Amino acid sequence: MSNYDDIVRDLVIANRILAKEEVVDAYGHVSIRHPDNPNHFLIARSVAPELVGAEDIVELDLDGQPLRDDKRTLYLERFIHAAIFAARPEIMAVVHAHAEDTLPFGIADATKLRPVIHSGSFIGAEVPVWDIADNFGETNLLVTNIEQGRDLANCLGGNNVALMRGHGFAAAGRSLIEVVRMSVYLPRNARALIRAKQLGGGIKYLSQGEIDARNRGYSPYSTETWRAWEYWANKAGVGHLLTRPGE
């Protein structure tokens, strides 16, 4: 089986995990840079992530346009992925989702979303908020063209996650496993922060040193990381699709 087939299978697993962990529902999507052409990426056609199969994967360029016009409907917000891949050559995978627990932090100025739990360290020390209204006025809040996608990518900058005001978030990772892990723990970190605020008093965020210590030596196929991926895949009913590199 070629590397391309492995990537497609992993992308199916990622979709199913994100659905099972309630990061995405009928909406939201995950993509991965093409293994042979860094100017292309792979993403599902417009279908609920829980239903994605290998036959649903399509190839797009960095303007968000399909390489083959086979008449399949595409995700409207594919431009999020295209623009982030174009702006960040080191990024290998992108998630866009609307996880409910992250939404308050994109609309309330009083508290910034920052890591407070050890598994939240991967979101990074700063999570900027992108407001589509700043440069595009009154819209339906959806990223519907490449110019809007590029504006979002510019707000993301070198960070791992950007919140989208009144909408959701975009996350970028160096591997598919990394971005899925980040996207699963992002709303969990948000829940912990919301509950801590409800208790009152000061909040002790993770320091930069603690974030660095957590992220130091990270590998998508370490025993610790693979254990989570394997657990989530089996929980989502796609454990039979798993193949660890080198096996």
# chains A, B, ... in the order shown; residues from 1 in each chain; ligands from 1
>>> residues_around(residues="Tyr221 of chain A", least_positions_apart="6", cutoff="10 Å", atoms="only C-alpha atoms", output="VMD selection string")
chain A and resid 177 to 178 227 229 244 to 245
>>> residues_around(residues="Ala108 of chain A", least_positions_apart="6", cutoff="12 Å", atoms="only C-alpha atoms", output="list in words")
Thr102, Val129, Leu163, Met164, Arg165, Gly166 and Ile194 of chain A
>>> write_last_selection(atoms="all heavy atoms", output="PDB file, in the first residue's frame")
ATOM      1  N   THR A 102     -15.464  26.260  23.168  1.00  0.00           N
ATOM      2  CA  THR A 102     -14.504  27.287  22.756  1.00  0.00           C
ATOM      3  C   THR A 102     -15.188  28.601  22.380  1.00  0.00           C
ATOM      4  O   THR A 102     -14.544  29.648  22.352  1.00  0.00           O
ATOM      5  CB  THR A 102     -13.677  26.817  21.536  1.00  0.00           C
ATOM      6  OG1 THR A 102     -14.528  26.692  20.385  1.00  0.00           O
ATOM      7  CG2 THR A 102     -13.012  25.475  21.817  1.00  0.00           C
ATOM      8  N   VAL A 129      -7.887  35.811  18.450  1.00  0.00           N
ATOM      9  CA  VAL A 129      -9.277  35.786  18.001  1.00  0.00           C
ATOM     10  C   VAL A 129      -9.384  36.538  16.680  1.00  0.00           C
ATOM     11  O   VAL A 129      -8.992  37.702  16.587  1.00  0.00           O
ATOM     12  CB  VAL A 129     -10.218  36.413  19.041  1.00  0.00           C
ATOM     13  CG1 VAL A 129     -11.660  36.430  18.519  1.00  0.00           C
ATOM     14  CG2 VAL A 129     -10.139  35.655  20.368  1.00  0.00           C
ATOM     15  N   LEU A 163      -9.141  31.402  17.348  1.00  0.00           N
ATOM     16  CA  LEU A 163     -10.591  31.377  17.493  1.00  0.00           C
ATOM     17  C   LEU A 163     -11.205  32.267  16.420  1.00  0.00           C
ATOM     18  O   LEU A 163     -10.592  33.245  15.985  1.00  0.00           O
ATOM     19  CB  LEU A 163     -10.997  31.875  18.879  1.00  0.00           C
ATOM     20  CG  LEU A 163     -10.487  31.062  20.062  1.00  0.00           C
ATOM     21  CD1 LEU A 163     -10.964  31.686  21.374  1.00  0.00           C
ATOM     22  CD2 LEU A 163     -10.944  29.608  19.980  1.00  0.00           C
ATOM     23  N   MET A 164     -12.408  31.937  16.027  1.00  0.00           N
ATOM     24  CA  MET A 164     -13.137  32.700  15.016  1.00  0.00           C
ATOM     25  C   MET A 164     -14.390  33.244  15.688  1.00  0.00           C
ATOM     26  O   MET A 164     -15.247  32.473  16.114  1.00  0.00           O
ATOM     27  CB  MET A 164     -13.468  31.803  13.831  1.00  0.00           C
ATOM     28  CG  MET A 164     -12.228  31.151  13.223  1.00  0.00           C
ATOM     29  SD  MET A 164     -12.578  29.754  12.127  1.00  0.00           S
ATOM     30  CE  MET A 164     -13.366  30.594  10.763  1.00  0.00           C
ATOM     31  N   ARG A 165     -14.471  34.556  15.782  1.00  0.00           N
ATOM     32  CA  ARG A 165     -15.543  35.193  16.555  1.00  0.00           C
ATOM     33  C   ARG A 165     -16.936  34.720  16.117  1.00  0.00           C
ATOM     34  O   ARG A 165     -17.279  34.757  14.955  1.00  0.00           O
ATOM     35  CB  ARG A 165     -15.437  36.713  16.396  1.00  0.00           C
ATOM     36  CG  ARG A 165     -16.295  37.524  17.375  1.00  0.00           C
ATOM     37  CD  ARG A 165     -17.648  37.909  16.797  1.00  0.00           C
ATOM     38  NE  ARG A 165     -17.531  38.750  15.615  1.00  0.00           N
ATOM     39  CZ  ARG A 165     -18.589  39.117  14.857  1.00  0.00           C
ATOM     40  NH1 ARG A 165     -19.797  38.716  15.172  1.00  0.00           N
ATOM     41  NH2 ARG A 165     -18.390  39.853  13.784  1.00  0.00           N
ATOM     42  N   GLY A 166     -17.698  34.195  17.099  1.00  0.00           N
ATOM     43  CA  GLY A 166     -19.052  33.743  16.851  1.00  0.00           C
ATOM     44  C   GLY A 166     -19.170  32.541  15.948  1.00  0.00           C
ATOM     45  O   GLY A 166     -20.237  32.258  15.395  1.00  0.00           O
ATOM     46  N   ILE A 194     -13.391  27.696  32.111  1.00  0.00           N
ATOM     47  CA  ILE A 194     -14.718  28.245  32.429  1.00  0.00           C
ATOM     48  C   ILE A 194     -15.131  27.864  33.846  1.00  0.00           C
ATOM     49  O   ILE A 194     -15.613  28.702  34.627  1.00  0.00           O
ATOM     50  CB  ILE A 194     -15.765  27.754  31.411  1.00  0.00           C
ATOM     51  CG1 ILE A 194     -15.525  28.416  30.047  1.00  0.00           C
ATOM     52  CG2 ILE A 194     -17.186  28.057  31.906  1.00  0.00           C
ATOM     53  CD1 ILE A 194     -16.352  27.814  28.922  1.00  0.00           C
TER      54      ILE A 194
END
>>> atom_distance(atom1="atom CA of Lys204 of chain A", atom2="atom CA of Gly124 of chain A")
15.3 Å
>>> closest_residue(among="A:His167, A:Lys20, A:Lys197, A:His118", to="Tyr185 of chain A", atoms="only C-alpha atoms")
A:His118
>>> closest_residue(among="A:Arg114, A:Ile146, A:Pro38, A:Gly158", to="Ile203 of chain A", atoms="only C-alpha atoms")
A:Arg114
>>> select_by_dssp(residues="segment 58-199 of chain A", states="helix (DSSP H, G or I)", output="count of residues only")
62
>>> select_by_dssp(residues="segment 30-166 of chain A", states="strand (DSSP E or B)", output="PyMOL selection string")
chain A and resi 30-33+40-44+57-61+66+93-97+129-130+161-164
>>> decode(residues="segment 158-171 of chain A", atoms="all heavy atoms", output="mmCIF file, in the first residue's frame")
data_model
loop_
_atom_site.group_PDB
_atom_site.id
_atom_site.type_symbol
_atom_site.label_atom_id
_atom_site.label_comp_id
_atom_site.auth_asym_id
_atom_site.auth_seq_id
_atom_site.Cartn_x
_atom_site.Cartn_y
_atom_site.Cartn_z
ATOM 1 N N GLY A 158 1.998 32.507 13.611
ATOM 2 C CA GLY A 158 2.777 31.327 13.949
ATOM 3 C C GLY A 158 2.182 30.513 15.074
ATOM 4 O O GLY A 158 2.826 29.599 15.589
ATOM 5 N N ASN A 159 0.946 30.838 15.475
ATOM 6 C CA ASN A 159 0.293 30.132 16.574
ATOM 7 C C ASN A 159 -0.300 28.808 16.118
ATOM 8 O O ASN A 159 -0.405 28.525 14.919
ATOM 9 C CB ASN A 159 -0.797 31.020 17.179
ATOM 10 C CG ASN A 159 -0.228 32.287 17.788
ATOM 11 O OD1 ASN A 159 0.526 32.248 18.748
ATOM 12 N ND2 ASN A 159 -0.578 33.429 17.200
ATOM 13 N N ASN A 160 -0.720 28.009 17.081
ATOM 14 C CA ASN A 160 -1.307 26.702 16.778
ATOM 15 C C ASN A 160 -2.811 26.766 16.553
ATOM 16 O O ASN A 160 -3.368 25.938 15.836
ATOM 17 C CB ASN A 160 -1.013 25.712 17.912
ATOM 18 C CG ASN A 160 0.458 25.423 18.056
ATOM 19 O OD1 ASN A 160 1.222 25.537 17.098
ATOM 20 N ND2 ASN A 160 0.879 25.050 19.251
ATOM 21 N N VAL A 161 -3.465 27.720 17.219
ATOM 22 C CA VAL A 161 -4.933 27.815 17.183
ATOM 23 C C VAL A 161 -5.342 29.274 17.062
ATOM 24 O O VAL A 161 -4.711 30.148 17.670
ATOM 25 C CB VAL A 161 -5.574 27.224 18.461
ATOM 26 C CG1 VAL A 161 -7.095 27.363 18.423
ATOM 27 C CG2 VAL A 161 -5.189 25.761 18.645
ATOM 28 N N ALA A 162 -6.388 29.525 16.289
ATOM 29 C CA ALA A 162 -7.045 30.830 16.271
ATOM 30 C C ALA A 162 -8.536 30.609 16.464
ATOM 31 O O ALA A 162 -9.121 29.712 15.840
ATOM 32 C CB ALA A 162 -6.792 31.575 14.969
ATOM 33 N N LEU A 163 -9.141 31.402 17.348
ATOM 34 C CA LEU A 163 -10.591 31.377 17.493
ATOM 35 C C LEU A 163 -11.205 32.267 16.420
ATOM 36 O O LEU A 163 -10.592 33.245 15.985
ATOM 37 C CB LEU A 163 -10.997 31.875 18.879
ATOM 38 C CG LEU A 163 -10.487 31.062 20.062
ATOM 39 C CD1 LEU A 163 -10.964 31.686 21.374
ATOM 40 C CD2 LEU A 163 -10.944 29.608 19.980
ATOM 41 N N MET A 164 -12.408 31.937 16.027
ATOM 42 C CA MET A 164 -13.137 32.700 15.016
ATOM 43 C C MET A 164 -14.390 33.244 15.688
ATOM 44 O O MET A 164 -15.247 32.473 16.114
ATOM 45 C CB MET A 164 -13.468 31.803 13.831
ATOM 46 C CG MET A 164 -12.228 31.151 13.223
ATOM 47 S SD MET A 164 -12.578 29.754 12.127
ATOM 48 C CE MET A 164 -13.366 30.594 10.763
ATOM 49 N N ARG A 165 -14.471 34.556 15.782
ATOM 50 C CA ARG A 165 -15.543 35.193 16.555
ATOM 51 C C ARG A 165 -16.936 34.720 16.117
ATOM 52 O O ARG A 165 -17.279 34.757 14.955
ATOM 53 C CB ARG A 165 -15.437 36.713 16.396
ATOM 54 C CG ARG A 165 -16.295 37.524 17.375
ATOM 55 C CD ARG A 165 -17.648 37.909 16.797
ATOM 56 N NE ARG A 165 -17.531 38.750 15.615
ATOM 57 C CZ ARG A 165 -18.589 39.117 14.857
ATOM 58 N NH1 ARG A 165 -19.797 38.716 15.172
ATOM 59 N NH2 ARG A 165 -18.390 39.853 13.784
ATOM 60 N N GLY A 166 -17.698 34.195 17.099
ATOM 61 C CA GLY A 166 -19.052 33.743 16.851
ATOM 62 C C GLY A 166 -19.170 32.541 15.948
ATOM 63 O O GLY A 166 -20.237 32.258 15.395
ATOM 64 N N HIS A 167 -18.071 31.788 15.802
ATOM 65 C CA HIS A 167 -18.053 30.734 14.784
ATOM 66 C C HIS A 167 -17.401 29.439 15.262
ATOM 67 O O HIS A 167 -18.044 28.406 15.291
ATOM 68 C CB HIS A 167 -17.325 31.280 13.544
ATOM 69 C CG HIS A 167 -17.357 30.372 12.368
ATOM 70 N ND1 HIS A 167 -17.089 30.810 11.094
ATOM 71 C CD2 HIS A 167 -17.597 29.039 12.244
ATOM 72 C CE1 HIS A 167 -17.179 29.794 10.246
ATOM 73 N NE2 HIS A 167 -17.480 28.711 10.929
ATOM 74 N N GLY A 168 -16.132 29.485 15.631
ATOM 75 C CA GLY A 168 -15.439 28.260 16.010
ATOM 76 C C GLY A 168 -13.947 28.488 16.108
ATOM 77 O O GLY A 168 -13.505 29.510 16.616
ATOM 78 N N PHE A 169 -13.163 27.547 15.590
ATOM 79 C CA PHE A 169 -11.709 27.694 15.649
ATOM 80 C C PHE A 169 -11.056 27.030 14.450
ATOM 81 O O PHE A 169 -11.645 26.184 13.776
ATOM 82 C CB PHE A 169 -11.144 27.112 16.945
ATOM 83 C CG PHE A 169 -11.167 25.594 17.029
ATOM 84 C CD1 PHE A 169 -10.127 24.825 16.519
ATOM 85 C CD2 PHE A 169 -12.226 24.936 17.630
ATOM 86 C CE1 PHE A 169 -10.143 23.432 16.592
ATOM 87 C CE2 PHE A 169 -12.262 23.544 17.712
ATOM 88 C CZ PHE A 169 -11.215 22.797 17.197
ATOM 89 N N ALA A 170 -9.819 27.425 14.200
ATOM 90 C CA ALA A 170 -8.946 26.759 13.231
ATOM 91 C C ALA A 170 -7.686 26.345 13.973
ATOM 92 O O ALA A 170 -7.127 27.130 14.746
ATOM 93 C CB ALA A 170 -8.605 27.682 12.068
ATOM 94 N N ALA A 171 -7.234 25.114 13.758
ATOM 95 C CA ALA A 171 -6.028 24.598 14.410
ATOM 96 C C ALA A 171 -5.086 24.050 13.346
ATOM 97 O O ALA A 171 -5.533 23.461 12.348
ATOM 98 C CB ALA A 171 -6.378 23.500 15.408
#
